[in-house]
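Here's the structure we're looking at; comments come further down.
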Amino acid sequence: MADPIFGRLDWTVTPFDDFFRDPSINEGVAAAAASAVPLGAVAVIAFLTWKGLWGPLWRDWLTSADHKKIGIMYFVLAGVMMLRGVLEGAVMRTHQVTALDGGVLSAEHFAQLFSTHGTIMIFFVATPLITGLMNYVVPLQIGARDVAFPVLNQISLGLTAAGAGLVMISLVIGKFGTGGWTMYPPYTGTTFSPGPGVDYWVWAIGISGIGSTLAGINIAVTIYKKRSPGMKFLRMPIFTWTSLCTAIMMIYAFPALTVSTAMLALDRSLDFRFFTNDLGGNMMQYANIFWMFGHPEVYIVVLPAYGVFSEIAATFSAKRIYSYNSMVIATSAIAVISFTVWLHHFFTMGQGASVNAAFGIATMIIAVPTGVKVYNWMATMFRGRVRLSVPIIYLVGFFFLFVFGGLTGVILANPTIDYQVHNSQFLVAHFHNVLIPGVLFGVLAGVHYWFPKAFGFRLHEGPARLEAYLWFGGFSLAFLPLYWLGLMGMPRRSASYDNPAFEPAMWLAVVGAAMVVGALGVAIWNFWASARDREALACPVGDPWDGRTLEWSIPSPPPEYNFYALPRVNTVDAWTVEKAVGHPYEMAPRYTDIEMPRSTAMGVVIGGASAAMGFAITWWIWWLAALSFAVIVAALIARAFVRETTRTIKAVEVEVAHRAFLREASRTPAVGRDDEIAPDNLGHARPAVPA
Amino acid sequence: MKDDARSEMRRYAIGAVLSAALTLLAFWAVMSHGMARSTALWIVGAAALAQIVVQMRCFLHVGSSSKREDLHLILFSLVLGTLMVGGTIWIMSSLHDRMY
Amino acid sequence: MSSSAHPGINLGGGDPKAQRESETPAFGFWVFLMSDLIIFGVLFAHYVVMTGARAGGPGPSTLFDLRSVAAQTFLLLASSFTYGMASLALKHQRQVRPVAIWLIVTAALGAAFVLLELRDFVNMVGEGGPPQRSGFLSALWALTGLHWLHVTAGLVWIATMLALLSRFGLSDRNKTRLLLLGLYWHFLDLIWIGILSVVYLGGLA
Amino acid sequence: MRASGPAALRGIGLRGVLAALALAAAPGAAGAQITFLDPAGPVAASQRDHLIFVTGMTMIAIVPVLVLVPLIIWRYHRRKGSGRYTPHDHLYRPDWQFSGPLEVVMWGVPFAIVAVLGWGLWHDTMRFDPYKPLGPDPVEVQAIGLDWKWLFLYPDEGLATLDRLVIPEDRPVRIALTTDSVMQSFRISALAGQIYAMPGMRTEVNVMAERPGTMRGENMQYSGRGFPHQNFAVQVLPVDGWDEWTGTESWRVLDADAYAILGRRSTASEAREDLGLLPDEPARFRLEGPDLFEAVIARYHQGRPVPPAAQPGSPAYEAFAHEGRESDG
Ligand code: HEA
Ligand code: HEA
Ligand code: CUA
Ligand SMILES: [Cu+2]
């Protein structure tokens with residue numbers, strides 16, 4: 001059956017072919033989505049060629065090993081994937097309003113939608129957003145010049161992009177699997193899902209999962225080894241603490257994903273019997289191993305968001321974070337306990353009551369440190385002077401909405417109740433209720449907060465507020481009604497339902513989804529409009545919010561090497577203390593030569609070859625798989641022989657740059673918080689607490 | 001300098017000899033057939049643990065002179081590994097018992 | 001040896017610069033190995049869970065050849081020891097030649113291990129025990145096969161290392177690489193102790 | 001809503017709200033009870049009570065957030081021109097960062113709540129282990145999940161039904177579960193929660209209905225195109241009705257051919273057509289032997305592979321069955 005050159009690939013695998021044979025709405029949506037990918041690619045290529053941007057793109061971005069650029073590229077990648085994920089969410093909601101005994105899409109198509117949507121949102125939106133944020137911010141917060149392994153960092157990004165690419169290709173060539181983001185066998189074994197869809201998932205997840213493991217190692221080692229002199233662990237900013245815990249969780253959780261995915265791959269490609277119905281296969285082990293990863297994963301994405309809230313609560317209240325030590329303990333506790341609760345995703349598999357009870361109680365215990373964090377943020381605002389800027393608005397939205405997601409989490413942690421609402425819309429409501437007000441609001445707050453650091457200008461405040469309110473309203477309408485549907489028994493992943501009483505809730509949800517798409521539109525418009533007005537929004541001195549941590553002591557955007565001279569730290573909130581009692585914006589006693597990594601194409605080569613390998617195995621094109629694998633090995637070996645991997649920036653050059661920056665800082669008037677969003681705010685903050 | 005080399009050499013040699021002895025002990029426990037299965041398993045397990053400790057000390061030089069962060073790393077890994085392996089075995093044996 | 005060295009790091013006070021430069025990579029590599037350890041841990045757990053899932057297929061007593069396993073065990077142990085000799089040569093002799101010779105000896109022992117185990121794999125297929133035969137066999141092959149792949153990759157690494165040594169001599173980066181390779185090689189021996197005890201000896205006890 | 005004794009007294013409040021919520025969805029299901037908020041048996045009733053208990057307890061930790069956040073913002077938000085810190089500022093304390101008593105409350109209250117909830121969790125989980133019989137002398141039922149329908153066997157009565165589970169009132173029922181396809185999840189919300197059913201394995205759930213009526217049951221675990229249609233009616237008969245029902249002869253036999261049709265990927269109504277049933281004829285069969293359920297499980301333990309063409313629910317089986325039917329006809 002498989003051709004030696006093209007494997008099982010032929011012309012009938014595109015949705016266009018289906019559309020010509022069956023021109024229905026269902027196939028139309030599929031064909032339109034499939035056209036968007038090549039059309040989008042062509043548009044981007046045309047634009048880059050027209051503007052002559054290929055050279056800069058290659059030199060300054062794709063081959064760069066600078067952690068700041070890599071962080072931004074993670075965001076771009078996540079943004080592109082998010083567009084697709086959000087549209088899929090909106091299409092699903094549209095389908096479900098029409099789904100009383102039917103629906104505009106076919107059941108199969110709906111299944112592909114929730115599978116790609118879930119996969120994309122978890123692995124190619126939430127995870128890269130978080131990784132990108134940590135990549136950008138952590139070295140700046142700990143006073144480092146780069147991450148510990150810059151080239152490895154680039155390779156991690158390449159692997160994540162390779163996985164994302166495979167998911168995008170599946171839209172055009174062949175179809176994605178229909179087993180949800182969890183892809184439970186035996187449904188996803190070759191007996192029941194013989195096509196290439198599940199293979200796309202397996203290789204996209206397998207490849208990007210390795211990328212995430214490596215990213216975790218990189219960030220953890222960076223925090224362990226690259227802190228500036230004097231920055232003891234208990235002086236690190238809370239965001240760095242949450243990043244450390246997240247990185248450690250990535251190191252220990254992603255291997256379980258790699259194993260469960262590899263086993264599924266062996267079952268599918270080499271006929272192994274890990275999870276099959278027959279010959280002693282054991283599908284329960286898939287659930288077990290997958291959730292050993294899957295549960296920590298949800299805290300991997302939420303912990304840095306908690307970290308963002310800690311930073312902004314302190315900054316915008318102009319006050320120290322309340323009870324730093326409790327925050328550290330709570331963060332670490334969440335990270336460790338999250339490895340003891342994975343069974344709560346399959347309370348209903350049939351194991352004994354004592355097993356269920358033990359894991360259920362372990363799950364509930366996480367509510368304690370999480371509660372402490374929530375109360376700590378409130379206590380941070382208490383007795384502060386709280387500025388109701390956009391990040392704080394997200395924090396307030398978080399307070400009101402996230403606690404309900406947490407509450408329903410605690411409800412789900414009770415096995416007896418979970419027997420009822422497991423696999424229902426109640427669960428769908430729970431996880432969107434923690435993922436959106438938790439992770440996404442955190443990331444959005446973080447974007448608003450650090451955007452001026454990365455690009456040298458602030459975002460417009462007005463549209464950003466509108467966007468935030470659309471988020472709150474849209475989210476509430478789109479997901480809170482699902483709790484009711486779940487209690488009424490509606491299963492998740494249902495392409496249709498037969499109870500007309502469900503329809504009003506579906507209408508509320510589709511309106512909510514539309515508002516959320518509107519929010520996304522406002523966000524995109526705001527990026528564009530702020531870039532257009534970047535002169536008026538500029539803050540080159542780099543401290544537009546009267547920040548408290550080291551990243552605000554350097555210009556915006558920061559120089560390639562981050563710090564002119566490595567800062568010496570002897571307290572938490574080092575920059576605030578420096579501004580209050582020390583000597584901000586002063587020359588360093590001594591400058592040294594700085595070694596920075598040279599650009600390299602390793603990330604592109606390894607990422608590209610991995611994507612080719614995944615594609616080849618999906619379609620049984622064995623020669624290409626072997627070739628791509630050989631390229632990966634050869635590239636790794638060849639890299640070892642490269643002699644010049646770093647480039648030196650001379651001390652005088654650094655000194656001159658620093659002098660120029662200090663001159664600019666002293667020329668720029670310091671602004672108080674009244675003028676925070678006025679054009680006068682060029683990033684030189686007048687501290688709230690004077691010396 | 002030379003002394004250093006000799007004592008380090010001795011350390012590797014001790015490690016190798018101890019490892020070999022422990023391996024032989026484990027093989028003997030299984031191959032001598034004279035022993036109850038559970039006794040043999042206990043011996044194999046104990047010999048394995050002992051050999052891991054020996055190799056960690058003699059070949060990898062993990063010990064009191066190591067950096068704190070390395071010890072933390074290894075201990076943390078052991079804790080999480082134990083949780084995952086132990087949890088899996090507990091869960092799966094419960095399932096096994098209830099799904100005849 | 002400096003008072004707080006990373007495990008496996010053995011350059012000592014005589015070579016402080018190389019020692020310092022290898023700190024971060026060595027720690028990073030340890031972390032990587034711990035992540036790898038979790039992979040093996042999960043596969044061990046899976047193997048233990050699946051010991052009963054023979055589906056009428058062959059089990060340990062028909063499949064395992066303890067003499068061959070013993071030979072493999074001692075080959076790997078010897079190679080760990082010879083790698084230790086390579087590290088000592090690196091630290092005290094500071095010449096390429098002895099280091100390279102010990103590396104070649106290590107590689108030869110490793111290659112013998114790989115070939116012997118490969119022969120066992122072929123025999124297992126001959127006994128009706130390919131991984132497709134049962135859940136138990138899939139688990140067995142996954143665990144032993146992954147270790148086998150690790151050792152094979154280690155051989156490729158040693159070969160690359162030899163080429164790097166002949167090209168760049170004992171440069172600081174090569175010293176770091178030798179340290180990491182050492183960690184890797186000793187780690188594989190540790191994993192093998194687990195496989196020997198859980199799979200082979202445990203299976204036949 | 002059943003309102004008897006103390007339950008009626010406590011029926012106001014959260015319980016009343018839940019009941020009203022449940023009622024809002026009732027008309028669509030043609031009188032069938034669809035949710036454990038409107039329970040028909042002891043297990044579901046206790047699950048509902050547990051839900052109320054947990055929700056109430058967590059409110060102790062959550063309501064303060066909802067109340068205090070607006071208060072804090074109102075009192076401590078920065079007013080324009082409020083300028084700089086002055087040492088005697090009573091509202092603004094930029095260095096205030098710790099309070100021992102507050103720490104005790106922040107850690108202590110959630111901890112106490114979790115302790116109480118954990119106790120309740122342990123207690124209920126142990127008491128309502130789905131494997132635990134709900135009384136002596138249960139009715140034995142076996143459920144086989146197929147794509148996309150449930151087949152129920154009554155081994156003691158020698159009967160089988162498709163897409164309808166018939167059980168007596170006030171008598172414990174023990175339902176053994178397996179599938180002859182992928183992993184599925186069996187739930188009758190108004191009676192008890194779900195438990196997975198898996199090929200080659202046997203799981204179990206015990207239920208009891210306390211009054212006659214109709215409830216809805218379904219598969220909760222996605223299993224392909226027809227998944228949303230994989231639901232069934234549970235009919236609870238009074239004791240004499242049940243005796244009458246089991247006593248009635250069935251002339252259709254669940255033989256290998258009929259089972260082969262059921263194994264195809266079809267919804268229950270499609271399967272009824274394939275079986276040639278009349279529109280309102282109940283899908284009810286006589287069992288040929290007592291051990292169909294065991295045979296279905298044993299298929300996967302023969303030590304031989306089950307090729308896709310012999311695997312109900314798989315596309316290859318579908319193609320095979322289709323060919324078979326064409327050549328038959
Ligand atoms: C992070 C995770 C995430 C996010 C954000 C979303 C967002 C949305 N989801 Fe979600 N969803 C999942 C994770 C997520 N989902 C998962 C895991 C599943 C389960 C899949 C399965 O069954 O296996 C699922 C399933 C799922 C279903 C199927 C439910 C079922 O099983 O019946 C539906 C149905 O409508 C749905 C709807 C939506 C909608 C309308 C949105 C959105 O429209 C809501 C809005 C979100 C956005 C608009 C994102 C915007 C982000 C930004 C603006 C950040 C921008 C920042 C920069 C780039 C700088 N989702
Ligand atoms: C960011 C993501 C995220 C977060 C943070 C959480 C947080 C929590 N989750 Fe959630 N969860 C998911 C993402 C997340 N979850 C996803 C994606 C799934 C489904 C996957 C799938 O099947 O597709 C899931 C599923 C899921 C299940 C499985 C349900 C099932 O499949 O049947 C359970 C069960 O225990 C659970 C519990 C919890 C708990 C107890 C928390 C706790 O951490 C919540 C803690 C927070 C609070 C409690 C609020 C704040 C606290 C206070 C204000 C004070 C203290 C409160 C008390 C003392 C009660 N979650
Ligand atoms: Cu599933 Cu046992
Ligand atoms: Cu979880």
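By convention here, the chains of the structure tokens are called A, B, ... in the order presented, each chain's residues are numbered starting at 1, and ligands are numbered starting at 1 in the order presented.
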DSSP alpha helix (DSSP H) selection over stretch 47-250 of chain A, as a PyMOL selection string = chain A and resi 47-51+54-56+67-97+107-119+127-141+150-172+197-225+238-250
query = Which residues form the shell of 7 Å around ligand 2 when you count only C-alpha atoms and all ligand atoms, given as an MDAnalysis selection string?
reply = (chainID A and resid 181:182 298:299 301:302 344:346 360 363:364 366:368 370:372 374 402:407 409:410 412:414 418 421:423 427 430:431 434:435 438:439) or (chainID D and resid 58 61:62 65 110:111 113:114)
Given the selection you just returned, output its residues as a file containing N, CA and C atoms, formatted as a compact mmCIF listing (two decimals), in the first residue's frame.
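The new file out.txt reads:
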```txt
# COMPACT_ATOMS: atom_id res chain seq x y z
N TRP A 181 -7.21 16.23 23.33
CA TRP A 181 -5.78 16.53 23.51
C TRP A 181 -5.07 15.43 24.29
N THR A 182 -5.86 14.53 24.89
CA THR A 182 -5.26 13.46 25.67
C THR A 182 -5.01 12.19 24.86
N VAL A 298 -0.53 21.48 34.05
CA VAL A 298 -1.43 22.62 34.26
C VAL A 298 -0.84 23.59 35.29
N TYR A 299 -0.07 23.06 36.23
CA TYR A 299 0.59 23.98 37.15
C TYR A 299 1.83 24.59 36.53
N VAL A 301 1.93 25.74 33.60
CA VAL A 301 1.50 26.95 32.92
C VAL A 301 0.94 28.00 33.88
N VAL A 302 0.46 27.58 35.03
CA VAL A 302 -0.17 28.59 35.88
C VAL A 302 0.82 29.24 36.85
N HIS A 344 -6.35 12.10 40.00
CA HIS A 344 -7.68 12.71 40.02
C HIS A 344 -8.27 12.87 38.63
N HIS A 345 -7.47 12.66 37.59
CA HIS A 345 -8.03 12.70 36.24
C HIS A 345 -8.66 11.37 35.84
N PHE A 346 -8.48 10.35 36.67
CA PHE A 346 -9.18 9.10 36.37
C PHE A 346 -9.65 8.40 37.64
N GLY A 360 -7.42 12.11 46.21
CA GLY A 360 -8.37 13.21 46.32
C GLY A 360 -7.93 14.20 47.40
N THR A 363 -5.03 16.22 46.34
CA THR A 363 -5.45 17.27 45.42
C THR A 363 -5.96 18.49 46.18
N MET A 364 -6.80 18.22 47.17
CA MET A 364 -7.38 19.34 47.92
C MET A 364 -6.33 20.16 48.63
N ILE A 366 -3.68 21.21 47.69
CA ILE A 366 -3.14 22.29 46.86
C ILE A 366 -3.95 23.57 47.03
N ALA A 367 -5.19 23.44 47.44
CA ALA A 367 -5.99 24.65 47.65
C ALA A 367 -5.39 25.52 48.75
N VAL A 368 -4.68 24.90 49.71
CA VAL A 368 -4.14 25.69 50.82
C VAL A 368 -3.05 26.67 50.33
N THR A 370 -2.45 27.63 47.37
CA THR A 370 -3.02 28.55 46.39
C THR A 370 -3.80 29.65 47.09
N GLY A 371 -4.56 29.26 48.12
CA GLY A 371 -5.29 30.26 48.88
C GLY A 371 -4.34 31.26 49.51
N VAL A 372 -3.23 30.77 50.07
CA VAL A 372 -2.26 31.67 50.67
C VAL A 372 -1.78 32.68 49.64
N VAL A 374 -3.38 33.78 46.98
CA VAL A 374 -4.45 34.74 46.71
C VAL A 374 -4.53 35.77 47.83
N PHE A 402 -11.11 33.55 38.94
CA PHE A 402 -10.31 32.36 39.19
C PHE A 402 -10.79 31.59 40.42
N VAL A 403 -11.24 32.31 41.45
CA VAL A 403 -11.64 31.59 42.65
C VAL A 403 -12.77 30.60 42.35
N PHE A 404 -13.59 30.91 41.35
CA PHE A 404 -14.64 29.95 41.02
C PHE A 404 -14.06 28.72 40.33
N GLY A 405 -13.06 28.94 39.48
CA GLY A 405 -12.39 27.80 38.88
C GLY A 405 -11.72 26.95 39.94
N GLY A 406 -11.11 27.61 40.93
CA GLY A 406 -10.47 26.86 42.00
C GLY A 406 -11.49 26.11 42.83
N LEU A 407 -12.59 26.77 43.10
CA LEU A 407 -13.67 26.13 43.87
C LEU A 407 -14.16 24.88 43.15
N GLY A 409 -12.51 23.17 41.08
CA GLY A 409 -11.43 22.19 41.17
C GLY A 409 -11.55 21.40 42.45
N VAL A 410 -11.81 22.11 43.55
CA VAL A 410 -11.94 21.42 44.84
C VAL A 410 -13.16 20.48 44.81
N LEU A 412 -14.24 18.94 42.14
CA LEU A 412 -13.84 17.78 41.33
C LEU A 412 -12.91 16.85 42.09
N ALA A 413 -12.22 17.41 43.08
CA ALA A 413 -11.27 16.58 43.83
C ALA A 413 -11.97 15.55 44.70
N ASN A 414 -13.28 15.66 44.89
CA ASN A 414 -14.02 14.67 45.66
C ASN A 414 -14.43 13.52 44.75
N ASP A 418 -16.92 13.63 41.59
CA ASP A 418 -16.30 13.51 40.27
C ASP A 418 -16.92 12.36 39.47
N VAL A 421 -19.54 14.32 37.62
CA VAL A 421 -19.28 15.41 36.66
C VAL A 421 -18.03 15.19 35.82
N HIS A 422 -17.32 14.12 36.07
CA HIS A 422 -16.19 13.80 35.20
C HIS A 422 -16.68 13.70 33.76
N ASN A 423 -15.81 14.11 32.82
CA ASN A 423 -16.15 14.01 31.40
C ASN A 423 -17.39 14.79 31.01
N LEU A 427 -16.59 19.93 33.71
CA LEU A 427 -15.14 19.87 33.65
C LEU A 427 -14.62 20.88 32.63
N HIS A 430 -14.67 24.07 34.29
CA HIS A 430 -13.58 24.19 35.28
C HIS A 430 -12.27 24.57 34.62
N PHE A 431 -11.88 23.81 33.58
CA PHE A 431 -10.51 24.07 33.14
C PHE A 431 -10.39 25.35 32.33
N VAL A 434 -9.94 28.06 34.96
CA VAL A 434 -8.62 28.27 35.54
C VAL A 434 -7.61 28.68 34.47
N LEU A 435 -7.77 28.13 33.27
CA LEU A 435 -6.77 28.45 32.23
C LEU A 435 -6.91 29.89 31.75
N GLY A 438 -6.73 32.39 34.93
CA GLY A 438 -5.43 32.16 35.56
C GLY A 438 -4.30 32.43 34.59
N VAL A 439 -4.12 31.53 33.65
CA VAL A 439 -2.95 31.60 32.79
C VAL A 439 -3.03 32.79 31.83
N THR D 58 -16.38 25.67 51.00
CA THR D 58 -15.38 26.48 50.32
C THR D 58 -15.77 27.95 50.32
N ALA D 61 -13.86 30.26 52.48
CA ALA D 61 -12.57 30.77 52.04
C ALA D 61 -12.71 31.75 50.88
N ILE D 62 -13.79 31.63 50.17
CA ILE D 62 -13.87 32.38 48.91
C ILE D 62 -14.63 33.68 49.05
N VAL D 65 -12.67 36.76 49.73
CA VAL D 65 -11.98 37.32 48.56
C VAL D 65 -12.93 38.25 47.81
N PRO D 110 -7.68 28.05 55.35
CA PRO D 110 -7.77 27.06 54.28
C PRO D 110 -7.40 25.66 54.76
N PHE D 111 -6.41 25.60 55.66
CA PHE D 111 -6.01 24.29 56.15
C PHE D 111 -7.16 23.62 56.89
N ILE D 113 -10.33 24.20 56.57
CA ILE D 113 -11.40 23.82 55.63
C ILE D 113 -11.02 22.53 54.91
N VAL D 114 -9.77 22.47 54.48
CA VAL D 114 -9.36 21.28 53.75
C VAL D 114 -9.39 20.06 54.67
```
request  = Can you work out the spacing between atom CA of A:Gln425 and atom CA of A:Arg492 in Å, to one decimal?
outcome  = 4.9 Å
Shell of 10 Å around C:Phe74, only C-alpha atoms, local chain residues under 6 positions omitted, as a ChimeraX atom specification = /B:16,19-20,23-24 /C:80,109,113
Using only N, CA, C and O atoms, please write the residues we just selected to a file, as a tab-separated table (two decimals), in the first residue's frame.
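Saved the output as again-v2.tsv:
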```tsv
chain	number	residue	atom	x	y	z
B	16	ALA	N	35.45	-0.74	41.66
B	16	ALA	CA	35.26	-1.81	40.69
B	16	ALA	C	35.18	-3.16	41.39
B	16	ALA	O	34.32	-3.99	41.09
B	19	SER	N	31.89	-3.48	43.26
B	19	SER	CA	30.78	-3.66	42.32
B	19	SER	C	30.76	-5.09	41.81
B	19	SER	O	29.70	-5.73	41.73
B	20	ALA	N	31.93	-5.58	41.45
B	20	ALA	CA	31.99	-6.94	40.94
B	20	ALA	C	31.51	-7.92	42.00
B	20	ALA	O	30.72	-8.83	41.72
B	23	THR	N	27.79	-7.75	42.34
B	23	THR	CA	27.14	-8.38	41.19
B	23	THR	C	27.16	-9.90	41.35
B	23	THR	O	26.14	-10.58	41.13
B	24	LEU	N	28.32	-10.42	41.73
B	24	LEU	CA	28.42	-11.86	41.90
B	24	LEU	C	27.46	-12.34	42.98
B	24	LEU	O	26.79	-13.36	42.81
C	80	SER	N	33.14	1.04	32.72
C	80	SER	CA	33.01	2.15	33.65
C	80	SER	C	34.36	2.41	34.32
C	80	SER	O	34.80	3.54	34.48
C	109	LEU	N	35.03	-2.16	25.00
C	109	LEU	CA	34.18	-2.90	25.95
C	109	LEU	C	32.71	-2.59	25.70
C	109	LEU	O	31.85	-3.48	25.71
C	113	PHE	N	29.59	-5.06	24.61
C	113	PHE	CA	28.29	-5.10	25.29
C	113	PHE	C	27.16	-4.97	24.29
C	113	PHE	O	26.21	-5.76	24.28
```
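The two atoms in question, atom CA of C:Thr82 and atom CA of B:Arg57, are spaced 16.2 Å apart.
Selecting all polymer residues at most 9 Å from ligand 3, using only C-alpha atoms and all ligand atoms, gives Asn282, Met283, Met284, Gln285, Met349, Gly350 and Gln351 of chain A; Met92, Leu95, His96, Asp97, Arg98, Met99 and Tyr100 of chain B; Thr178, Met183, Tyr196, Ala197, Met198, Pro199, Gly200, Met201, Arg202 and Thr203 of chain D.
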inquiry  = What are the residues of chain C lining chain A at 9 Å or less? Count only C-alpha atoms, and put the answer as a ChimeraX atom specification.
reply    = /C:23-25,27-29,31-32,34-40,42-43,46,49-50,52-57,131-139,142,157,160,164,167-168
Distance query C:Pro98 at most 10 Å, only C-alpha atoms, self and fewer than 4 positions along chain excluded, as a PyMOL selection string = chain C and resi 85-90+93-94+102-104
request  = Extract, using only C-alpha atoms, all DNA, RNA and protein residues at most 12 Å from C:Ser61, discarding same-chain residues fewer than 3 positions from it, and format them as a PyMOL selection string.
outcome  = chain C and resi 57-58+64-66+124+127+129+199-205
For the selection you just gave me, I'd like the residues written to a file as a PDB file, in the first residue's frame, keeping N, CA and C atoms.
```pdb
ATOM      1  N   GLY C  57       2.496 -15.729  25.660  1.00  0.00           N
ATOM      2  CA  GLY C  57       3.806 -15.668  25.011  1.00  0.00           C
ATOM      3  C   GLY C  57       4.903 -16.076  25.980  1.00  0.00           C
ATOM      4  N   PRO C  58       6.119 -16.105  25.495  1.00  0.00           N
ATOM      5  CA  PRO C  58       7.234 -16.542  26.329  1.00  0.00           C
ATOM      6  C   PRO C  58       7.533 -15.557  27.450  1.00  0.00           C
ATOM      7  N   PHE C  64      15.584 -15.392  28.771  1.00  0.00           N
ATOM      8  CA  PHE C  64      16.818 -14.795  29.270  1.00  0.00           C
ATOM      9  C   PHE C  64      17.943 -15.815  29.298  1.00  0.00           C
ATOM     10  N   ASP C  65      19.127 -15.340  28.949  1.00  0.00           N
ATOM     11  CA  ASP C  65      20.320 -16.169  28.985  1.00  0.00           C
ATOM     12  C   ASP C  65      21.258 -15.541  30.012  1.00  0.00           C
ATOM     13  N   LEU C  66      21.233 -16.092  31.224  1.00  0.00           N
ATOM     14  CA  LEU C  66      21.941 -15.422  32.322  1.00  0.00           C
ATOM     15  C   LEU C  66      23.434 -15.321  32.076  1.00  0.00           C
ATOM     16  N   MET C 124      15.985 -13.579  21.127  1.00  0.00           N
ATOM     17  CA  MET C 124      14.639 -13.441  21.673  1.00  0.00           C
ATOM     18  C   MET C 124      13.602 -13.509  20.572  1.00  0.00           C
ATOM     19  N   GLU C 127      13.105 -17.012  19.712  1.00  0.00           N
ATOM     20  CA  GLU C 127      12.326 -17.790  20.683  1.00  0.00           C
ATOM     21  C   GLU C 127      10.850 -17.413  20.651  1.00  0.00           C
ATOM     22  N   GLY C 129       9.764 -14.257  20.855  1.00  0.00           N
ATOM     23  CA  GLY C 129       9.558 -13.145  21.785  1.00  0.00           C
ATOM     24  C   GLY C 129       9.831 -11.775  21.206  1.00  0.00           C
ATOM     25  N   VAL C 199      14.881  -6.773  35.899  1.00  0.00           N
ATOM     26  CA  VAL C 199      14.423  -7.566  34.764  1.00  0.00           C
ATOM     27  C   VAL C 199      15.013  -8.976  34.807  1.00  0.00           C
ATOM     28  N   TYR C 200      16.334  -9.068  34.794  1.00  0.00           N
ATOM     29  CA  TYR C 200      16.928 -10.392  34.584  1.00  0.00           C
ATOM     30  C   TYR C 200      16.929 -11.208  35.862  1.00  0.00           C
ATOM     31  N   LEU C 201      17.571 -10.689  36.910  1.00  0.00           N
ATOM     32  CA  LEU C 201      17.629 -11.485  38.135  1.00  0.00           C
ATOM     33  C   LEU C 201      16.250 -11.581  38.770  1.00  0.00           C
ATOM     34  N   GLY C 202      15.542 -10.450  38.812  1.00  0.00           N
ATOM     35  CA  GLY C 202      14.200 -10.479  39.388  1.00  0.00           C
ATOM     36  C   GLY C 202      13.290 -11.428  38.622  1.00  0.00           C
ATOM     37  N   GLY C 203      13.453 -11.461  37.311  1.00  0.00           N
ATOM     38  CA  GLY C 203      12.581 -12.303  36.495  1.00  0.00           C
ATOM     39  C   GLY C 203      12.869 -13.778  36.679  1.00  0.00           C
ATOM     40  N   LEU C 204      14.111 -14.122  37.016  1.00  0.00           N
ATOM     41  CA  LEU C 204      14.455 -15.537  37.118  1.00  0.00           C
ATOM     42  C   LEU C 204      14.503 -16.040  38.542  1.00  0.00           C
ATOM     43  N   ALA C 205      14.385 -15.115  39.495  1.00  0.00           N
ATOM     44  CA  ALA C 205      14.490 -15.559  40.891  1.00  0.00           C
ATOM     45  C   ALA C 205      13.355 -16.512  41.229  1.00  0.00           C
TER      46      ALA C 205
END
```
request  = Could you please select, counting only C-alpha atoms, the residues of chain D within 9 Å of chain C and state them as a PyMOL selection string?
outcome  = chain D and resi 301-305
inquiry  = Near chain A, meaning an atom within 10 Å, which residues of chain B appear when counting only C-alpha atoms? Write them as a PyMOL selection string.
reply    = chain B and resi 69+73+76-77+79-81+83-84+87-88+90-99
query = So what do you get for atom CA of D:Gly56 versus atom CA of D:Phe36, distance-wise?
reply = 17.8 Å
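Counting only C-alpha atoms, the residue from C:Gly182, C:Gly154, C:Pro16, C:Pro130 that sits nearest to chain B is C:Gly182.
Non-sequential neighbours of C:Val156 (distance at most 12 Å, separation of 4 or more positions within a chain, only C-alpha atoms) are Val633, Ala634, Leu636 and Ile637 of chain A; Leu103, Ile104, Ala107, Ala108, Gly110, Ala111, Leu149, His150, Val151, Thr152, Thr160, Met161, Leu162, Ala163 and Leu181 of chain C.
Here the question is which of A:Leu395, A:Asp498, A:Leu129, A:Arg320 gets nearest to D:Ile34 using only C-alpha atoms, and that residue is A:Asp498.
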